[in-house]
>>> print(open('model-v4.txt').read())   # compact mmCIF, C-alpha atoms
# COMPACT_ATOMS: atom_id res chain seq x y z
CA MET Q 1 3.27 111.24 117.34
CA LYS Q 2 0.98 113.72 115.64
CA SER Q 3 2.33 116.86 117.30
CA ASP Q 4 5.87 115.94 116.28
CA LEU Q 5 4.84 116.15 112.64
CA LEU Q 6 3.85 119.79 112.65
CA THR Q 7 6.30 121.56 114.93
CA GLU Q 8 9.08 123.34 113.12
CA LEU Q 9 12.44 121.78 113.78
CA PRO Q 10 15.91 123.33 113.68
CA GLY Q 11 17.04 120.90 110.98
CA LYS Q 12 15.74 120.50 107.46
CA LEU Q 13 14.79 117.35 105.57
CA VAL Q 14 15.60 117.03 101.87
CA ALA Q 15 14.43 113.96 99.99
CA VAL Q 16 15.16 112.83 96.46
CA GLU Q 17 12.89 110.50 94.58
CA GLY Q 18 12.88 108.92 91.17
CA LEU Q 19 13.32 105.66 89.32
CA ASP Q 20 16.44 103.58 89.55
CA GLY Q 21 18.76 105.10 86.97
CA SER Q 22 17.15 108.53 87.20
CA GLY Q 23 20.41 110.06 88.41
CA LYS Q 24 19.02 111.08 91.79
CA SER Q 25 21.73 109.41 93.83
CA THR Q 26 24.47 111.15 91.87
CA GLN Q 27 22.77 114.48 92.34
CA LEU Q 28 22.24 113.93 96.03
CA TYR Q 29 25.85 112.95 96.47
CA LEU Q 30 27.00 116.13 94.72
CA LEU Q 31 24.66 118.18 96.87
CA LYS Q 32 26.00 116.50 99.99
CA ARG Q 33 29.59 117.31 99.00
CA TRP Q 34 28.71 120.90 98.28
CA LEU Q 35 27.09 121.34 101.67
CA GLU Q 36 29.90 119.56 103.49
CA LEU Q 37 32.53 121.67 101.77
CA GLN Q 38 30.77 124.74 103.15
CA GLY Q 39 31.23 123.26 106.62
CA LEU Q 40 27.54 122.54 107.15
CA LYS Q 41 26.05 119.83 109.37
CA VAL Q 42 24.85 117.19 106.95
CA PHE Q 43 23.55 113.65 107.40
CA PHE Q 44 22.88 111.23 104.59
CA THR Q 45 20.66 108.16 104.70
CA GLU Q 46 19.45 105.81 102.01
CA TRP Q 47 16.62 103.38 101.50
CA ASN Q 48 16.86 99.88 102.81
CA SER Q 49 19.97 100.41 104.87
CA SER Q 50 19.00 99.68 108.47
CA VAL Q 51 21.47 97.25 109.97
CA ILE Q 52 18.86 95.76 112.27
CA VAL Q 53 16.44 94.95 109.51
CA LYS Q 54 18.95 94.03 106.84
CA LYS Q 55 19.25 90.38 107.79
CA ALA Q 56 15.52 89.81 107.66
CA THR Q 57 15.18 91.65 104.35
CA SER Q 58 17.91 89.66 102.66
CA LYS Q 59 16.65 86.40 104.17
CA GLY Q 60 13.19 87.17 102.91
CA LYS Q 61 14.37 88.10 99.48
CA LYS Q 62 16.66 85.11 99.11
CA ARG Q 63 14.02 82.60 100.11
CA GLN Q 64 11.26 84.46 98.29
CA LEU Q 65 9.30 84.61 101.51
CA LEU Q 66 8.06 88.11 100.86
CA THR Q 67 4.52 89.00 99.89
CA PRO Q 68 3.50 92.53 98.90
CA THR Q 69 2.37 93.11 102.48
CA THR Q 70 5.44 91.74 104.24
CA PHE Q 71 7.70 93.39 101.68
CA SER Q 72 6.05 96.70 102.44
CA LEU Q 73 6.11 96.13 106.21
CA ILE Q 74 9.73 95.15 106.34
CA HIS Q 75 10.77 98.20 104.37
CA CYS Q 76 8.67 100.39 106.62
CA THR Q 77 10.39 98.80 109.61
CA ASP Q 78 13.77 99.60 108.06
CA PHE Q 79 12.62 103.15 107.42
CA ALA Q 80 11.21 103.55 110.93
CA ASP Q 81 14.48 102.39 112.45
CA ARG Q 82 16.47 104.99 110.55
CA TYR Q 83 13.83 107.62 111.17
CA GLU Q 84 13.52 107.12 114.92
CA ARG Q 85 17.20 106.68 115.64
CA GLN Q 86 18.76 109.01 113.11
CA VAL Q 87 16.58 111.23 110.95
CA LEU Q 88 14.35 112.72 113.62
CA PRO Q 89 16.99 113.23 116.33
CA LEU Q 90 19.31 114.83 113.78
CA LEU Q 91 16.56 117.17 112.60
CA LYS Q 92 16.08 118.14 116.23
CA ALA Q 93 19.83 118.70 116.48
CA GLY Q 94 19.75 121.14 113.55
CA TYR Q 95 21.20 119.01 110.76
CA LEU Q 96 20.46 119.05 107.07
CA VAL Q 97 19.21 115.52 106.56
CA LEU Q 98 19.47 114.19 103.02
CA CYS Q 99 17.40 111.12 102.16
CA ASP Q 100 18.01 109.06 99.08
CA ARG Q 101 14.45 107.87 98.70
CA TYR Q 102 11.76 108.58 101.25
CA ILE Q 103 8.19 107.49 101.99
CA PHE Q 104 7.16 108.23 98.41
CA THR Q 105 9.23 105.31 97.19
CA ALA Q 106 7.09 103.05 99.31
CA PHE Q 107 3.91 104.76 98.20
CA ALA Q 108 4.85 104.13 94.57
CA ARG Q 109 6.39 100.65 94.72
CA ASP Q 110 4.08 99.07 97.24
CA ALA Q 111 1.01 100.45 95.50
CA VAL Q 112 2.19 98.84 92.27
CA ARG Q 113 2.41 95.58 94.25
CA GLY Q 114 -1.22 96.02 95.27
CA CYS Q 115 -1.01 97.41 98.79
CA PRO Q 116 -3.97 99.70 99.49
CA ARG Q 117 -2.87 103.33 99.24
CA THR Q 118 -4.75 104.41 102.37
CA TRP Q 119 -3.05 101.64 104.37
CA LEU Q 120 0.35 102.76 103.10
CA HIS Q 121 -0.27 106.43 103.79
CA ASN Q 122 -1.45 105.64 107.28
CA MET Q 123 1.45 103.31 108.04
CA TYR Q 124 3.99 105.98 107.09
CA GLY Q 125 1.94 108.60 108.94
CA PHE Q 126 4.56 108.88 111.70
CA ALA Q 127 7.07 110.41 109.29
CA ARG Q 128 7.35 114.13 108.69
CA ARG Q 129 6.95 115.43 105.18
CA PRO Q 130 10.26 116.66 103.78
CA ASP Q 131 11.02 120.36 103.67
CA LEU Q 132 12.07 119.81 100.07
CA THR Q 133 11.33 116.85 97.81
CA LEU Q 134 13.11 116.61 94.49
CA PHE Q 135 11.71 114.25 91.90
CA PHE Q 136 14.19 113.37 89.19
CA ASP Q 137 12.09 112.97 86.09
CA THR Q 138 14.23 111.09 83.62
CA PRO Q 139 12.78 109.63 80.45
CA LEU Q 140 12.03 105.96 81.08
CA PRO Q 141 14.26 104.61 78.27
CA VAL Q 142 17.22 106.61 79.59
CA ALA Q 143 16.74 105.42 83.17
CA LEU Q 144 16.27 101.83 82.03
CA SER Q 145 19.32 101.84 79.80
CA ARG Q 146 21.48 103.06 82.70
CA ILE Q 147 20.42 100.11 84.80
CA LEU Q 148 20.15 97.49 82.12
CA SER Q 149 23.20 98.24 80.01
CA GLY Q 150 25.61 95.37 80.28
CA ARG Q 151 22.79 92.97 81.18
CA PRO Q 152 23.36 93.02 84.92
CA GLN Q 153 21.95 90.43 87.28
CA LEU Q 154 18.50 91.69 88.15
CA LYS Q 155 17.22 90.35 91.44
CA TYR Q 156 13.81 88.79 91.75
CA HIS Q 157 12.03 91.53 93.69
CA GLU Q 158 14.01 94.30 92.04
CA ALA Q 159 12.61 93.18 88.68
CA GLY Q 160 9.10 92.87 90.10
CA MET Q 161 9.09 89.18 89.19
CA ASP Q 162 6.67 88.48 92.03
CA LEU Q 163 4.05 90.40 90.07
CA GLY Q 164 4.06 87.98 87.16
CA LEU Q 165 4.46 90.78 84.63
CA SER Q 166 6.71 88.74 82.41
CA SER Q 167 8.79 85.62 82.60
CA ASP Q 168 11.77 87.61 81.35
CA PRO Q 169 13.36 89.62 84.20
CA TYR Q 170 14.34 92.50 81.94
CA GLU Q 171 10.88 92.85 80.46
CA SER Q 172 9.43 92.53 83.95
CA PHE Q 173 11.73 95.27 85.20
CA ARG Q 174 10.71 97.54 82.34
CA ILE Q 175 7.01 97.13 83.03
CA PHE Q 176 7.52 97.42 86.79
CA GLN Q 177 9.49 100.65 86.49
CA GLU Q 178 6.92 102.10 84.13
CA ARG Q 179 4.16 101.48 86.63
CA ILE Q 180 6.20 103.02 89.43
CA TYR Q 181 6.82 106.03 87.23
CA HIS Q 182 3.11 106.55 86.78
CA GLU Q 183 2.53 106.29 90.51
CA TYR Q 184 5.13 109.01 91.05
CA LEU Q 185 3.47 111.28 88.50
CA ALA Q 186 0.07 110.78 90.09
CA MET Q 187 1.29 111.78 93.55
CA SER Q 188 3.55 114.60 92.40
CA ASP Q 189 1.24 117.52 93.15
CA GLU Q 190 -0.25 116.22 96.38
CA CYS Q 191 3.17 115.32 97.75
CA GLY Q 192 4.74 118.62 96.71
CA PHE Q 193 7.45 117.26 94.42
CA ILE Q 194 9.74 119.71 92.73
CA THR Q 195 10.52 118.12 89.42
CA ILE Q 196 14.05 118.15 88.06
CA ASP Q 197 14.45 117.42 84.38
CA GLY Q 198 16.71 114.39 84.36
CA SER Q 199 17.47 114.62 80.67
CA VAL Q 200 19.80 117.62 80.95
CA THR Q 201 23.47 117.33 81.91
CA VAL Q 202 24.63 116.36 85.37
CA GLU Q 203 26.09 119.85 85.85
CA GLU Q 204 22.90 121.63 84.83
CA GLN Q 205 20.84 119.47 87.14
CA GLN Q 206 23.19 120.09 90.03
CA LYS Q 207 23.08 123.83 89.43
CA LYS Q 208 19.33 123.75 89.70
CA VAL Q 209 19.48 121.55 92.80
CA ARG Q 210 21.94 123.87 94.53
CA ASN Q 211 19.89 126.94 93.70
CA LEU Q 212 16.77 125.30 95.05
CA VAL Q 213 18.46 124.30 98.28
CA ALA Q 214 20.16 127.66 98.78
CA GLY Q 215 16.87 129.40 98.04
CA SER Q 216 14.87 127.23 100.44
CA PHE Q 217 17.11 127.32 103.49
CA ASP Q 218 19.38 129.77 105.28
CA LEU Q 219 22.43 127.60 104.70
CA PRO Q 220 25.02 129.50 106.81
CA SER Q 221 22.89 128.82 109.88
CA TYR Q 222 23.70 125.13 109.53
CA ARG Q 223 27.39 125.61 109.97
CA TRP Q 224 29.17 123.72 112.71
CA LYS Q 225 29.37 125.90 115.80
CA SER Q 226 32.89 125.85 117.11
CA ILE Q 227 33.18 124.88 120.74
CA ALA Q 228 34.94 127.75 122.48
CA MET J 1 -14.17 85.31 106.46
CA LYS J 2 -13.44 88.99 106.56
CA PHE J 3 -10.56 91.25 107.29
CA TYR J 4 -10.69 93.94 109.94
CA GLY J 5 -9.67 96.58 107.43
CA GLU J 6 -8.45 96.64 103.90
CA GLY J 7 -6.87 93.27 104.26
CA LEU J 8 -4.13 91.67 102.24
CA PRO J 9 -3.76 92.39 98.55
CA GLY J 10 -4.31 89.39 96.37
CA VAL J 11 -5.85 87.20 99.05
CA ASP J 12 -9.30 85.76 98.46
CA THR J 13 -11.11 85.07 101.71
CA SER J 14 -14.16 83.39 100.23
CA ASN J 15 -12.62 79.94 100.19
CA LEU J 16 -11.27 79.68 103.75
CA ALA J 17 -12.89 76.52 105.02
CA GLY J 18 -11.16 76.30 108.39
CA LYS J 19 -11.74 78.18 111.64
CA LEU J 20 -9.53 80.70 113.38
CA ILE J 21 -9.60 80.51 117.16
CA VAL J 22 -7.59 83.01 119.16
CA VAL J 23 -6.58 82.62 122.78
CA GLU J 24 -5.52 85.84 124.43
CA GLY J 25 -4.17 86.62 127.85
CA ALA J 26 -1.07 87.70 129.73
CA ASP J 27 1.92 85.51 130.48
CA GLY J 28 0.77 83.27 133.27
CA SER J 29 -2.90 83.45 132.29
CA GLY J 30 -2.79 79.78 131.33
CA ARG J 31 -2.80 80.29 127.60
CA SER J 32 -0.28 77.61 126.69
CA THR J 33 -1.88 75.05 128.97
CA GLN J 34 -5.36 75.77 127.68
CA MET J 35 -4.24 75.74 124.07
CA GLU J 36 -2.63 72.36 124.51
CA LEU J 37 -5.78 70.97 126.06
CA LEU J 38 -7.88 72.48 123.33
CA LYS J 39 -5.61 71.05 120.65
CA GLU J 40 -5.88 67.59 122.19
CA TYR J 41 -9.63 67.89 122.40
CA LEU J 42 -9.97 69.00 118.78
CA GLU J 43 -7.60 66.39 117.43
CA GLY J 44 -9.49 63.80 119.45
CA LYS J 45 -12.63 64.86 117.59
CA GLY J 46 -10.87 64.47 114.27
CA HIS J 47 -10.08 68.11 113.50
CA ALA J 48 -6.71 68.99 112.03
CA THR J 49 -5.13 71.87 113.91
CA VAL J 50 -2.23 74.23 113.39
CA ASP J 51 -0.83 76.56 116.00
CA VAL J 52 0.65 79.99 115.49
CA GLY J 53 1.91 82.63 117.90
CA LEU J 54 3.75 85.91 118.15
CA ARG J 55 7.41 86.11 117.18
CA ARG J 56 7.33 82.77 115.44
CA SER J 57 7.60 83.93 111.86
CA THR J 58 10.37 82.59 109.69
CA LEU J 59 10.93 86.06 108.39
CA VAL J 60 11.77 88.16 111.43
CA SER J 61 11.59 86.11 114.63
CA ASP J 62 15.38 85.82 115.01
CA GLU J 63 15.92 89.51 114.41
CA LEU J 64 13.12 90.42 116.81
CA ARG J 65 14.57 88.24 119.53
CA GLU J 66 18.03 89.75 119.10
CA ALA J 67 16.66 93.26 119.03
CA LYS J 68 14.63 92.64 122.17
CA GLN J 69 17.72 91.46 123.99
CA GLY J 70 19.71 94.46 122.86
CA ASN J 71 16.89 96.87 123.70
CA VAL J 72 17.80 99.03 120.71
CA LEU J 73 14.52 99.45 118.89
CA GLY J 74 12.49 102.64 118.72
CA GLU J 75 8.81 102.30 119.54
CA ILE J 76 7.52 102.58 116.00
CA THR J 77 10.23 100.25 114.73
CA ARG J 78 9.33 97.65 117.31
CA SER J 79 5.65 97.90 116.48
CA LEU J 80 6.41 97.44 112.80
CA PHE J 81 8.68 94.47 113.50
CA TYR J 82 5.83 92.76 115.31
CA ALA J 83 3.44 93.71 112.53
CA THR J 84 5.81 92.16 109.99
CA ASP J 85 6.05 89.00 112.07
CA PHE J 86 2.27 88.89 112.32
CA ALA J 87 1.72 89.49 108.60
CA ASP J 88 4.24 86.82 107.67
CA GLN J 89 2.46 84.21 109.77
CA LEU J 90 -0.93 85.36 108.57
CA GLU J 91 -0.03 84.91 104.92
CA ASN J 92 2.28 81.94 105.11
CA ARG J 93 0.70 79.83 107.83
CA ILE J 94 -2.76 80.96 108.92
CA ILE J 95 -4.36 81.52 105.54
CA PRO J 96 -2.98 78.39 103.87
CA ALA J 97 -4.11 76.32 106.85
CA LEU J 98 -7.59 77.85 106.75
CA LYS J 99 -7.77 77.16 103.01
CA ALA J 100 -6.96 73.54 103.75
CA GLY J 101 -9.81 73.37 106.26
CA PHE J 102 -7.65 73.26 109.38
CA ILE J 103 -8.51 74.83 112.71
CA VAL J 104 -5.90 77.44 113.47
CA LEU J 105 -5.17 78.02 117.14
CA ALA J 106 -3.54 81.39 117.57
CA ASP J 107 -1.58 82.02 120.75
CA ARG J 108 -2.32 85.75 121.05
CA TYR J 109 -3.28 87.94 118.11
CA ILE J 110 -3.47 91.60 117.17
CA TYR J 111 -5.14 92.40 120.48
CA THR J 112 -2.02 91.86 122.60
CA LEU J 113 0.00 93.73 120.02
CA THR J 114 -2.48 96.61 120.04
CA ALA J 115 -2.66 96.78 123.84
CA ARG J 116 1.13 96.74 124.19
CA GLU J 117 1.51 99.54 121.70
CA ILE J 118 -1.29 101.75 123.03
CA VAL J 119 0.07 101.45 126.55
CA ARG J 120 3.40 102.63 125.15
CA GLY J 121 1.80 105.71 123.61
CA ALA J 122 1.13 104.60 120.07
CA ASP J 123 -1.56 106.42 118.11
CA ARG J 124 -4.74 104.35 118.26
CA ASP J 125 -5.79 105.07 114.69
CA TRP J 126 -2.35 104.20 113.44
CA VAL J 127 -2.40 100.82 115.12
CA ARG J 128 -5.94 100.08 114.02
CA SER J 129 -5.15 100.85 110.39
CA LEU J 130 -1.94 98.84 110.50
CA TYR J 131 -3.75 95.75 111.72
CA GLY J 132 -6.47 96.18 109.13
CA ILE J 133 -4.59 93.34 107.42
CA ALA J 134 -5.78 90.86 110.03
CA LEU J 135 -8.52 88.32 109.49
CA VAL J 136 -11.48 88.53 111.83
CA PRO J 137 -11.23 85.38 113.98
CA ASP J 138 -14.16 83.00 114.39
CA LEU J 139 -13.69 82.95 118.14
CA VAL J 140 -11.60 84.94 120.61
CA ILE J 141 -11.09 83.64 124.12
CA TYR J 142 -9.61 86.16 126.53
CA LEU J 143 -8.27 84.56 129.71
CA ARG J 144 -8.59 87.27 132.30
CA VAL J 145 -6.50 86.70 135.41
CA SER J 146 -5.92 89.19 138.20
CA PRO J 147 -2.44 90.74 138.19
CA SER J 148 -1.65 89.30 141.60
CA GLN J 149 -2.52 85.82 140.35
CA LEU J 150 -0.38 86.44 137.29
CA VAL J 151 2.59 87.33 139.45
CA GLU J 152 2.20 84.14 141.46
CA ARG J 153 1.95 81.96 138.38
CA ASN J 154 4.89 83.65 136.67
CA PHE J 155 7.04 83.11 139.75
CA ARG J 156 5.99 79.49 139.89
CA LYS J 157 7.12 79.08 136.31
CA ASN J 158 10.36 81.00 136.31
CA ALA J 159 11.10 82.53 139.71
CA THR J 160 11.48 85.86 137.87
CA LEU J 161 9.28 88.30 136.04
CA ASP J 162 9.98 89.05 132.41
CA TYR J 163 11.28 92.59 131.82
CA TRP J 164 8.87 93.27 128.98
CA GLU J 165 5.82 91.65 130.61
CA ALA J 166 6.56 93.87 133.59
CA GLY J 167 6.63 96.94 131.32
CA MET J 168 9.97 97.94 132.82
CA ASP J 169 10.80 99.94 129.70
CA LEU J 170 7.97 102.31 130.65
CA GLY J 171 9.54 103.41 133.90
CA LEU J 172 6.36 102.71 135.86
CA SER J 173 8.45 101.75 138.83
CA ARG J 174 12.03 100.90 139.57
CA ASP J 175 10.78 97.77 141.28
CA ILE J 176 9.93 94.99 138.85
CA PHE J 177 7.16 93.59 141.02
CA ASP J 178 5.36 96.93 141.27
CA SER J 179 5.96 97.60 137.62
CA PHE J 180 4.45 94.26 136.64
CA ILE J 181 1.25 94.88 138.58
CA ARG J 182 0.84 98.38 137.18
CA TYR J 183 1.63 97.35 133.65
CA GLN J 184 -0.73 94.38 133.64
CA ARG J 185 -3.51 96.63 134.95
CA LEU J 186 -2.92 99.04 132.08
CA ILE J 187 -2.99 96.16 129.62
CA GLN J 188 -6.21 94.83 131.11
CA LYS J 189 -7.81 98.25 130.80
CA GLU J 190 -7.01 98.18 127.10
CA PHE J 191 -8.43 94.70 126.80
CA THR J 192 -11.63 95.84 128.47
CA LEU J 193 -11.95 98.57 125.85
CA MET J 194 -11.17 96.19 123.02
CA GLN J 195 -13.49 93.55 124.34
CA GLN J 196 -16.42 95.83 123.72
CA GLU J 197 -15.22 96.73 120.27
CA TYR J 198 -14.22 93.26 119.11
CA GLY J 199 -16.48 90.97 121.09
CA PHE J 200 -14.18 88.61 122.99
CA HIS J 201 -15.40 85.80 125.17
CA VAL J 202 -13.96 86.77 128.51
CA VAL J 203 -13.12 83.71 130.56
CA ASN J 204 -12.31 83.97 134.22
CA GLY J 205 -8.85 82.47 134.28
CA ASN J 206 -8.50 82.67 138.04
CA ARG J 207 -10.14 79.25 138.34
CA SER J 208 -8.78 75.73 138.04
CA ILE J 209 -7.36 74.48 134.78
CA ARG J 210 -10.23 72.07 134.31
CA SER J 211 -12.99 74.65 134.90
CA VAL J 212 -11.39 76.97 132.40
CA ALA J 213 -10.93 74.16 129.90
CA ARG J 214 -14.57 73.16 130.24
CA GLU J 215 -15.74 76.67 129.48
CA ILE J 216 -13.43 76.99 126.48
CA THR J 217 -14.52 73.65 125.11
CA ALA J 218 -18.15 74.69 125.43
CA ARG J 219 -17.46 77.86 123.45
CA VAL J 220 -15.61 75.94 120.77
CA GLU J 221 -18.37 73.36 120.51
CA GLY J 222 -20.78 76.23 120.05
CA LEU J 223 -18.64 77.56 117.22
CA LEU J 224 -18.24 74.24 115.47
CA GLY J 225 -21.83 73.27 115.96
CA ILE J 226 -20.89 70.07 117.75
>>> encode(input="model-v4.txt", output="structure tokens")
Amino acid sequence: MKSDLLTELPGKLVAVEGLDGSGKSTQLYLLKRWLELQGLKVFFTEWNSSVIVKKATSKGKKRQLLTPTTFSLIHCTDFADRYERQVLPLLKAGYLVLCDRYIFTAFARDAVRGCPRTWLHNMYGFARRPDLTLFFDTPLPVALSRILSGRPQLKYHEAGMDLGLSSDPYESFRIFQERIYHEYLAMSDECGFITIDGSVTVEEQQKKVRNLVAGSFDLPSYRWKSIA
Amino acid sequence: MKFYGEGLPGVDTSNLAGKLIVVEGADGSGRSTQMELLKEYLEGKGHATVDVGLRRSTLVSDELREAKQGNVLGEITRSLFYATDFADQLENRIIPALKAGFIVLADRYIYTLTAREIVRGADRDWVRSLYGIALVPDLVIYLRVSPSQLVERNFRKNATLDYWEAGMDLGLSRDIFDSFIRYQRLIQKEFTLMQQEYGFHVVNGNRSIRSVAREITARVEGLLGI
């Protein structure tokens, strides 16, 4: 497990982090399209998407069976499934792996729920650090308004209702997101985040993202090799 | 009561009036039989008991069972699935029962989970930290039975050996019988290591049901101050 973490792999891992509504998913999607249009080997994965774990996660959420610990564990299980079966093998196969949310999401959210940080860091210890981590720093009111405009149905855990921050889901969500934001800021240096200003236009952000990626990796080397 | 490590956030262990008794051992070691006898004995003495075991959580037991059948889980994923199952039972069944003053009888605990994972190459520190959420039991009974005895008892029960209890996924042998013996020896080695670290009461399970039950009862009486 430990040796796997340090050896250089043919593929590269790019992660995006940020609050809901920070614009990270849009930016990652645009990046993905740009890379694909250049004929590069790209794989995309997002948080909380493992098929195997999905049933248990939704069951748990529906019946409010989840505690901070089981919530954290089940998301780590989801992550581990995608990591073991997809992320790591694809890195070994020379792909550019794009992750919408990575271990830092867990570090931030689960810590806000009260999980000990050392326990969290150890539990996710099997996962390689990304080659590039982009943190989309969008002003809290902007991020919140993107999610909350139109008064959407906020789900119980999504709003952090289990934390008893407020009896109003929207207020709860606001406070919850603010706390997550502060966790992100606190880990930014140690975790090597490259901060992208989320308050500029989509196009400007994407330009910066593309420059960073092109500057960090030898992109042409990730082209599909034609089979002669 | 204490936790092994950093424990569970938001859980106060100062008011757990009950007792946590763990019975460990391989399939065929006599665990289920001994736990039933122990339960009868305790209930006879007026103690309320609750039993818990691996893969019985509401949260993930179905998914775990399906995944086991399909054999599709990576090692870390499987470990985490079991850890989730364990944590769910710990928080939703064990702790509430202990708060209510019940005696909780746990059919296996983090020790089997740890042994299984270490034998499969998991990082020891990783596993130890993960299970830092577990409560330290009041009593751990480890039913040690020789692998050859285990084989006999398993055959008597089912006429087959379980794929996972034979460690067939490890490729120790293409023959399930050989694999079982080898695997159980590896597991026992881990238990021997853990026994020193955690202080189990090792009970010779090769004996008759009644002799084993007598020894277990004596240990439990010692714990409860009967």
>>> interface_residues(input="model-v4.txt", of="chain Q", to="chain J", cutoff="9 Å", atoms="all atoms listed in the file", output="count of residues only")
40
>>> atom_distance(input="model-v4.txt", atom1="CA of Tyr109 (chain J)", atom2="CA of Arg214 (chain J)")
22.2 Å
>>> residues_around(input="model-v4.txt", residues="Arg120 (chain J)", least_positions_apart="2", cutoff="10 Å", atoms="only C-alpha atoms", output="number ranges by chain")
J: 75, 114-118, 122-123, 167, 169-170
>>> atom_distance(input="model-v4.txt", atom1="CA of Tyr222 (chain Q)", atom2="CA of Phe193 (chain Q)")
23.5 Å
>>> atom_distance(input="model-v4.txt", atom1="CA of Val112 (chain Q)", atom2="CA of Asp162 (chain Q)")
11.3 Å
>>> residues_around(input="model-v4.txt", residues="Pro147 (chain J)", least_positions_apart="2", cutoff="7 Å", atoms="all atoms listed in the file", output="list of chain:residue names")
J:Val145, J:Gln149, J:Leu150, J:Val151, J:Ile181, J:Gln184, J:Arg185
